[in-house]
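Comments concern the structure below.
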Amino acid sequence: MEKKGSTRISRRTFVKGAAAGVALLGSGAPPVIRRALAADPIYIGVVSPASGNYADHGMMERLGMQMAAEEFKDKGVLGRPVKLVVEDDETDPQVAARKARRLVEVEKIKYLIGGVSSSVAVSVGEVAQRYGALYIASNQNSDTLTAQYARRCVFMVPPDMAMALRTQAPYLLEKVGKRWYFFTHDYEWGWSGTKWARIILQKAGGTDLGESKIPLNTRDFSAFLLKARAAKPDALVITVGGVDLAALMEQMHEFGTYKETTLVMTLINLEDLWAVGPGKMEGIYWMEWYHEIEAPGVKEFVARYKKRWPGAPIPVPTANTLNGYIGVRELLRAVDRAGKDDVTAVIKALEGHTVRDSLKHDPIFIREWDHKFVWASYVVRSKKPDQMKDRADFAEVVRWAPGKDTVRTREENPVNLGPYPGQ
């Protein structure tokens, strides 16, 4: 998608170069050898997709994770260096669980982070709880991660789909209409998005026109689009992600779907917009974060990203980048606050903590009873190509809501996290 004559390197070349140049330790070398090369580092196991439906999202979250780790380069944590050990979860829950077990059992790593697929997060979280490790779910949005799959050893960084729809729905109901048809990615996250959209639509007295469940790795959407066209909705409400979403967006543009109904993405990432390109995304989206928001520290963070990753395939940080950055940064700050490298102590240092420098419009509050990071999210509307000031300027923010106003209450989500590790 680059202009002719561009010197920007390919994603594959960039990932290889970044892996070699930023000192992210792979798991190929025996742990004894790696530990002998450093003064007892604090290791963080990164279980993140480098292949599969969310490979590009995984790449972007790892860039943020590395930026956070490098902030501790000079002083370390508890006087010790920080090392990230990366495993490809392949966007596959079974692979992710196996990689997580290796990191904990063989590598003896206490802290895990990463993943984009909510199903992957469920499987890695189960491994963390079983072995008494701490897992930061950095880029998953299913509400189940802090509900039926809530665990003492798991924390969730991004807003969930209850927060997404509670932020987005007031704008949709006012500006678009109350007749909705749903496209649902057929796994944990997709189910979560459509569930909350339906809850809100029903309360508003709207009309549910039906649903198409989209299997992972779908590339031909023609039958689904024809079915949605026949329903004649005010809004086609879509909870589909990754490479599948990019393919869907291309075909909706070819079908002219945006001329017939309003396209609503219950969640979209800049990676998806970048893959499709300008002019093919007509609609209203929910985004966890956008690099153009006017919030404290955002311009500086974007500038640091550009300086650190000048050859990155996407020239600005995405929400995945931010969440990866925040996840690693707050984990390491918690280790520092705990004063010791102990999982239970670090869990307690995270619980109930407030993060002022959130890079959003409100602070982050980490709830002690469900381990949810509570912070703002945004509704954006697509820009036409002639409105974009640069290649990454896809959208304008039309609404945002503080996390405290959209997150589920304890009465709505009465979970019990269970005992701390070793208790």
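Naming works like this for the structure tokens: A, B, ... for the chains as they're shown, residue 1 at the start of each chain, ligands 1 onward in shown order.
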
Stretch 93-242 of chain A: residues DSSP assigns to strand (DSSP E or B), reported as an NGL selection string: :A and (111-114 or 134-137 or 154-156 or 179-185 or 207-214 or 235-239)

Please identify all polymer residues within 6 Å of stretch 72-83 of chain A, counting only C-alpha atoms, omitting same-chain residues fewer than 6 positions from it, and present them as a PyMOL selection string. chain A and resi 41-43+336

Give me a file of those residues, with N, CA, C and O atoms, as a PDB file, in the first residue's frame.
ATOM      1  N   PRO A  41      18.057 -11.276  35.630  1.00  0.00           N
ATOM      2  CA  PRO A  41      17.013 -10.358  35.166  1.00  0.00           C
ATOM      3  C   PRO A  41      15.634 -10.724  35.699  1.00  0.00           C
ATOM      4  O   PRO A  41      15.392 -11.854  36.142  1.00  0.00           O
ATOM      5  N   ILE A  42      14.728  -9.787  35.609  1.00  0.00           N
ATOM      6  CA  ILE A  42      13.306 -10.064  35.755  1.00  0.00           C
ATOM      7  C   ILE A  42      12.777 -10.370  34.371  1.00  0.00           C
ATOM      8  O   ILE A  42      12.824  -9.526  33.477  1.00  0.00           O
ATOM      9  N   TYR A  43      12.324 -11.609  34.175  1.00  0.00           N
ATOM     10  CA  TYR A  43      11.848 -12.058  32.873  1.00  0.00           C
ATOM     11  C   TYR A  43      10.334 -11.903  32.779  1.00  0.00           C
ATOM     12  O   TYR A  43       9.603 -12.209  33.724  1.00  0.00           O
ATOM     13  N   ASP A 336       8.132  -3.021  41.415  1.00  0.00           N
ATOM     14  CA  ASP A 336       8.897  -2.019  42.157  1.00  0.00           C
ATOM     15  C   ASP A 336       8.179  -1.624  43.443  1.00  0.00           C
ATOM     16  O   ASP A 336       8.790  -1.526  44.519  1.00  0.00           O
TER      17      ASP A 336
END

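Taking only C-alpha atoms, the non-local environment of A:Asp272 within 8 Å (same-chain residues fewer than 4 positions away omitted) comprises Gly241, Gly242, Val243, Leu245, Ala246, Ile268 and Val276 of chain A.
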
Which of stretch 172-278 of chain A end up as helix (DSSP H, G or I) when DSSP is run on this backbone - answer as an MDAnalysis selection string? chainID A and resid 172:175 188:203 222:231 242:255 257:260 270:276

Between A:Met59, A:Ile44, A:Val176, A:Val415, smallest distance to A:Ala312 by only C-alpha atoms belongs to A:Met59

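Residue nearest A:Arg381 within the list A:Val397, A:Ala204, A:Val104, A:Val124: A:Val397 [criterion: smallest interatomic distance, only C-alpha atoms].
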
Please provide as a PDB file with N, CA, C and O atoms, in the first residue's frame all residues within 12 Å of A:Trp289, with the sequence filter that same-chain residues fewer than 4 positions apart are discarded (counting only C-alpha atoms).
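Generated file (around.pdb):
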ATOM      1  N   ASN A 139      -4.530  -7.272  25.162  1.00  0.00           N
ATOM      2  CA  ASN A 139      -5.298  -6.735  24.036  1.00  0.00           C
ATOM      3  C   ASN A 139      -6.506  -7.583  23.671  1.00  0.00           C
ATOM      4  O   ASN A 139      -6.808  -7.782  22.497  1.00  0.00           O
ATOM      5  N   PRO A 158      -7.363  -3.825  28.353  1.00  0.00           N
ATOM      6  CA  PRO A 158      -8.239  -3.013  27.496  1.00  0.00           C
ATOM      7  C   PRO A 158      -9.671  -2.969  27.982  1.00  0.00           C
ATOM      8  O   PRO A 158     -10.106  -3.834  28.748  1.00  0.00           O
ATOM      9  N   PRO A 159     -10.448  -1.980  27.534  1.00  0.00           N
ATOM     10  CA  PRO A 159     -11.887  -1.988  27.797  1.00  0.00           C
ATOM     11  C   PRO A 159     -12.531  -3.226  27.187  1.00  0.00           C
ATOM     12  O   PRO A 159     -12.068  -3.749  26.173  1.00  0.00           O
ATOM     13  N   ALA A 164     -17.488  -1.001  25.421  1.00  0.00           N
ATOM     14  CA  ALA A 164     -17.534  -0.565  24.025  1.00  0.00           C
ATOM     15  C   ALA A 164     -18.938  -0.130  23.627  1.00  0.00           C
ATOM     16  O   ALA A 164     -19.147   0.971  23.097  1.00  0.00           O
ATOM     17  N   LEU A 267     -15.737  -2.654  17.444  1.00  0.00           N
ATOM     18  CA  LEU A 267     -14.329  -2.407  17.753  1.00  0.00           C
ATOM     19  C   LEU A 267     -13.560  -2.432  16.446  1.00  0.00           C
ATOM     20  O   LEU A 267     -13.761  -3.328  15.622  1.00  0.00           O
ATOM     21  N   ILE A 268     -12.692  -1.441  16.268  1.00  0.00           N
ATOM     22  CA  ILE A 268     -11.773  -1.486  15.135  1.00  0.00           C
ATOM     23  C   ILE A 268     -10.419  -0.997  15.606  1.00  0.00           C
ATOM     24  O   ILE A 268     -10.318  -0.181  16.533  1.00  0.00           O
ATOM     25  N   ASN A 269      -9.380  -1.519  15.001  1.00  0.00           N
ATOM     26  CA  ASN A 269      -8.016  -1.121  15.310  1.00  0.00           C
ATOM     27  C   ASN A 269      -7.400  -0.437  14.102  1.00  0.00           C
ATOM     28  O   ASN A 269      -7.793  -0.687  12.957  1.00  0.00           O
ATOM     29  N   LEU A 270      -6.434   0.413  14.353  1.00  0.00           N
ATOM     30  CA  LEU A 270      -5.771   1.104  13.264  1.00  0.00           C
ATOM     31  C   LEU A 270      -5.108   0.115  12.312  1.00  0.00           C
ATOM     32  O   LEU A 270      -5.003   0.379  11.106  1.00  0.00           O
ATOM     33  N   TYR A 285     -17.090   3.777  14.289  1.00  0.00           N
ATOM     34  CA  TYR A 285     -16.330   2.721  14.968  1.00  0.00           C
ATOM     35  C   TYR A 285     -16.126   3.065  16.436  1.00  0.00           C
ATOM     36  O   TYR A 285     -16.083   4.229  16.823  1.00  0.00           O
ATOM     37  N   ILE A 293      -5.892  11.858  19.687  1.00  0.00           N
ATOM     38  CA  ILE A 293      -6.675  12.453  20.775  1.00  0.00           C
ATOM     39  C   ILE A 293      -5.848  13.492  21.532  1.00  0.00           C
ATOM     40  O   ILE A 293      -4.624  13.393  21.627  1.00  0.00           O
ATOM     41  N   GLU A 294      -6.538  14.492  22.067  1.00  0.00           N
ATOM     42  CA  GLU A 294      -5.888  15.558  22.833  1.00  0.00           C
ATOM     43  C   GLU A 294      -5.926  15.193  24.317  1.00  0.00           C
ATOM     44  O   GLU A 294      -6.753  15.682  25.068  1.00  0.00           O
ATOM     45  N   ALA A 295      -5.026  14.315  24.711  1.00  0.00           N
ATOM     46  CA  ALA A 295      -4.933  13.887  26.106  1.00  0.00           C
ATOM     47  C   ALA A 295      -3.476  14.027  26.557  1.00  0.00           C
ATOM     48  O   ALA A 295      -2.555  13.954  25.728  1.00  0.00           O
ATOM     49  N   VAL A 298       0.044  12.190  25.035  1.00  0.00           N
ATOM     50  CA  VAL A 298      -0.160  11.450  23.791  1.00  0.00           C
ATOM     51  C   VAL A 298       0.840  11.880  22.717  1.00  0.00           C
ATOM     52  O   VAL A 298       1.462  11.047  22.051  1.00  0.00           O
ATOM     53  N   PRO A 317       1.716   4.764  16.677  1.00  0.00           N
ATOM     54  CA  PRO A 317       1.265   3.700  17.583  1.00  0.00           C
ATOM     55  C   PRO A 317      -0.239   3.490  17.481  1.00  0.00           C
ATOM     56  O   PRO A 317      -0.994   4.421  17.190  1.00  0.00           O
ATOM     57  N   THR A 318      -0.659   2.272  17.733  1.00  0.00           N
ATOM     58  CA  THR A 318      -2.076   1.916  17.730  1.00  0.00           C
ATOM     59  C   THR A 318      -2.530   1.634  19.159  1.00  0.00           C
ATOM     60  O   THR A 318      -1.723   1.653  20.101  1.00  0.00           O
ATOM     61  N   ALA A 319      -3.808   1.341  19.319  1.00  0.00           N
ATOM     62  CA  ALA A 319      -4.300   0.957  20.648  1.00  0.00           C
ATOM     63  C   ALA A 319      -3.600  -0.295  21.144  1.00  0.00           C
ATOM     64  O   ALA A 319      -3.326  -0.433  22.343  1.00  0.00           O
ATOM     65  N   ASN A 320      -3.283  -1.218  20.243  1.00  0.00           N
ATOM     66  CA  ASN A 320      -2.540  -2.413  20.647  1.00  0.00           C
ATOM     67  C   ASN A 320      -1.160  -2.048  21.178  1.00  0.00           C
ATOM     68  O   ASN A 320      -0.681  -2.634  22.150  1.00  0.00           O
ATOM     69  N   THR A 321      -0.512  -1.077  20.528  1.00  0.00           N
ATOM     70  CA  THR A 321       0.789  -0.599  20.999  1.00  0.00           C
ATOM     71  C   THR A 321       0.662  -0.008  22.394  1.00  0.00           C
ATOM     72  O   THR A 321       1.453  -0.314  23.294  1.00  0.00           O
ATOM     73  N   LEU A 322      -0.329   0.853  22.572  1.00  0.00           N
ATOM     74  CA  LEU A 322      -0.531   1.491  23.877  1.00  0.00           C
ATOM     75  C   LEU A 322      -0.811   0.457  24.954  1.00  0.00           C
ATOM     76  O   LEU A 322      -0.224   0.501  26.043  1.00  0.00           O
ATOM     77  N   ASN A 323      -1.710  -0.496  24.678  1.00  0.00           N
ATOM     78  CA  ASN A 323      -2.059  -1.491  25.691  1.00  0.00           C
ATOM     79  C   ASN A 323      -0.872  -2.363  26.061  1.00  0.00           C
ATOM     80  O   ASN A 323      -0.684  -2.721  27.228  1.00  0.00           O
ATOM     81  N   SER A 358      -2.145   7.851  32.011  1.00  0.00           N
ATOM     82  CA  SER A 358      -2.806   6.802  31.241  1.00  0.00           C
ATOM     83  C   SER A 358      -2.723   7.006  29.731  1.00  0.00           C
ATOM     84  O   SER A 358      -3.017   6.093  28.969  1.00  0.00           O
ATOM     85  N   LEU A 359      -2.389   8.232  29.292  1.00  0.00           N
ATOM     86  CA  LEU A 359      -2.400   8.612  27.877  1.00  0.00           C
ATOM     87  C   LEU A 359      -3.821   8.606  27.296  1.00  0.00           C
ATOM     88  O   LEU A 359      -4.027   8.493  26.091  1.00  0.00           O
ATOM     89  N   LYS A 360      -4.793   8.729  28.184  1.00  0.00           N
ATOM     90  CA  LYS A 360      -6.183   8.929  27.792  1.00  0.00           C
ATOM     91  C   LYS A 360      -6.737  10.111  28.585  1.00  0.00           C
ATOM     92  O   LYS A 360      -6.013  10.783  29.314  1.00  0.00           O
ATOM     93  N   HIS A 361      -8.044  10.330  28.459  1.00  0.00           N
ATOM     94  CA  HIS A 361      -8.665  11.482  29.108  1.00  0.00           C
ATOM     95  C   HIS A 361      -8.970  11.261  30.582  1.00  0.00           C
ATOM     96  O   HIS A 361      -9.370  12.201  31.267  1.00  0.00           O
ATOM     97  N   ASP A 362      -8.838  10.041  31.064  1.00  0.00           N
ATOM     98  CA  ASP A 362      -9.056   9.781  32.479  1.00  0.00           C
ATOM     99  C   ASP A 362      -7.973   8.830  32.985  1.00  0.00           C
ATOM    100  O   ASP A 362      -7.310   8.155  32.199  1.00  0.00           O
ATOM    101  N   TRP A 375     -10.728   2.513  32.196  1.00  0.00           N
ATOM    102  CA  TRP A 375     -10.316   3.791  31.609  1.00  0.00           C
ATOM    103  C   TRP A 375     -11.143   4.077  30.379  1.00  0.00           C
ATOM    104  O   TRP A 375     -11.988   3.283  29.984  1.00  0.00           O
ATOM    105  N   ALA A 376     -10.918   5.223  29.760  1.00  0.00           N
ATOM    106  CA  ALA A 376     -11.791   5.740  28.712  1.00  0.00           C
ATOM    107  C   ALA A 376     -11.721   4.936  27.423  1.00  0.00           C
ATOM    108  O   ALA A 376     -10.790   4.158  27.185  1.00  0.00           O
ATOM    109  N   SER A 377     -12.715   5.172  26.555  1.00  0.00           N
ATOM    110  CA  SER A 377     -12.674   4.686  25.179  1.00  0.00           C
ATOM    111  C   SER A 377     -13.435   5.680  24.299  1.00  0.00           C
ATOM    112  O   SER A 377     -14.087   6.598  24.792  1.00  0.00           O
ATOM    113  N   TYR A 378     -13.385   5.455  22.960  1.00  0.00           N
ATOM    114  CA  TYR A 378     -13.735   6.513  22.017  1.00  0.00           C
ATOM    115  C   TYR A 378     -14.618   6.014  20.884  1.00  0.00           C
ATOM    116  O   TYR A 378     -14.472   4.883  20.417  1.00  0.00           O
ATOM    117  N   VAL A 379     -15.535   6.866  20.425  1.00  0.00           N
ATOM    118  CA  VAL A 379     -16.314   6.631  19.218  1.00  0.00           C
ATOM    119  C   VAL A 379     -15.766   7.544  18.133  1.00  0.00           C
ATOM    120  O   VAL A 379     -15.586   8.744  18.354  1.00  0.00           O
ATOM    121  N   VAL A 380     -15.490   6.970  16.968  1.00  0.00           N
ATOM    122  CA  VAL A 380     -14.936   7.764  15.871  1.00  0.00           C
ATOM    123  C   VAL A 380     -15.763   7.543  14.608  1.00  0.00           C
ATOM    124  O   VAL A 380     -16.462   6.540  14.470  1.00  0.00           O
ATOM    125  N   ALA A 395      -9.755   8.893  10.985  1.00  0.00           N
ATOM    126  CA  ALA A 395     -11.011   9.108  11.694  1.00  0.00           C
ATOM    127  C   ALA A 395     -10.999  10.389  12.512  1.00  0.00           C
ATOM    128  O   ALA A 395      -9.943  10.963  12.808  1.00  0.00           O
ATOM    129  N   GLU A 396     -12.196  10.823  12.865  1.00  0.00           N
ATOM    130  CA  GLU A 396     -12.352  11.923  13.816  1.00  0.00           C
ATOM    131  C   GLU A 396     -13.140  11.420  15.020  1.00  0.00           C
ATOM    132  O   GLU A 396     -14.080  10.631  14.879  1.00  0.00           O
ATOM    133  N   VAL A 397     -12.762  11.860  16.203  1.00  0.00           N
ATOM    134  CA  VAL A 397     -13.441  11.437  17.427  1.00  0.00           C
ATOM    135  C   VAL A 397     -14.733  12.230  17.572  1.00  0.00           C
ATOM    136  O   VAL A 397     -14.741  13.454  17.501  1.00  0.00           O
ATOM    137  N   ARG A 399     -17.138  11.124  20.107  1.00  0.00           N
ATOM    138  CA  ARG A 399     -17.618  10.932  21.482  1.00  0.00           C
ATOM    139  C   ARG A 399     -16.587  10.131  22.249  1.00  0.00           C
ATOM    140  O   ARG A 399     -15.897   9.289  21.691  1.00  0.00           O
ATOM    141  N   TRP A 400     -16.463  10.417  23.551  1.00  0.00           N
ATOM    142  CA  TRP A 400     -15.679   9.542  24.422  1.00  0.00           C
ATOM    143  C   TRP A 400     -16.391   9.457  25.756  1.00  0.00           C
ATOM    144  O   TRP A 400     -17.222  10.313  26.095  1.00  0.00           O
ATOM    145  N   ALA A 401     -16.098   8.406  26.496  1.00  0.00           N
ATOM    146  CA  ALA A 401     -16.738   8.217  27.798  1.00  0.00           C
ATOM    147  C   ALA A 401     -15.714   7.716  28.801  1.00  0.00           C
ATOM    148  O   ALA A 401     -14.891   6.853  28.474  1.00  0.00           O
TER     149      ALA A 401
END

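Counting only C-alpha atoms, A:Pro278 has the following residues at most 9 Å away, ignoring those fewer than 6 positions along the same chain: A:Lys383, A:Lys384, A:Pro385, A:Met388, A:Arg391, A:Ala392, A:Phe394.
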
Once you have the residues from the selection above, write them out as a compact mmCIF listing (two decimals), in the first residue's frame, restricted to N, CA and C atoms.
# COMPACT_ATOMS: atom_id res chain seq x y z
N LYS A 383 -13.09 9.25 8.05
CA LYS A 383 -12.85 10.42 7.20
C LYS A 383 -12.77 9.97 5.75
N LYS A 384 -13.17 10.87 4.86
CA LYS A 384 -12.96 10.63 3.44
C LYS A 384 -11.50 10.94 3.10
N PRO A 385 -10.98 10.36 2.04
CA PRO A 385 -9.57 10.57 1.71
C PRO A 385 -9.16 12.03 1.62
N MET A 388 -8.24 13.60 5.07
CA MET A 388 -7.13 13.07 5.83
C MET A 388 -5.90 13.97 5.69
N ARG A 391 -1.49 9.69 5.93
CA ARG A 391 -1.90 8.32 5.62
C ARG A 391 -2.55 7.60 6.80
N ALA A 392 -2.24 8.05 8.03
CA ALA A 392 -2.77 7.38 9.22
C ALA A 392 -3.98 8.10 9.82
N PHE A 394 -7.28 8.42 9.76
CA PHE A 394 -8.47 7.78 9.22
C PHE A 394 -9.78 8.30 9.80

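Between A:Gly297 and the candidates A:Ser118, A:Arg356, A:Gly277, A:Phe365, the tightest atom-to-atom separation, counting only C-alpha atoms, involves A:Arg356.
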
For A:Glu174: contacts at 12 Å, only C-alpha atoms, fewer than 2 positions along chain excluded, given as a ChimeraX atom specification: /A:168-172,176-178,201,204,206,234

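Of the residues under consideration (A:Pro315, A:Pro296, A:Pro363, A:Gly52), A:Gly52 shows the shortest atom-to-atom contact distance to A:Val120 when counting only C-alpha atoms.
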
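Here atom CA of A:Asp341 stands at a distance of 20.8 Å from atom CA of A:Gly324.
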
List as a PyMOL selection string the protein and nucleic acid residues near A:Asp92, meaning an atom at most 9 Å away when only C-alpha atoms are counted, but skip any in the same chain fewer than 4 places from it. chain A and resi 49+52+96-97+117+119-120
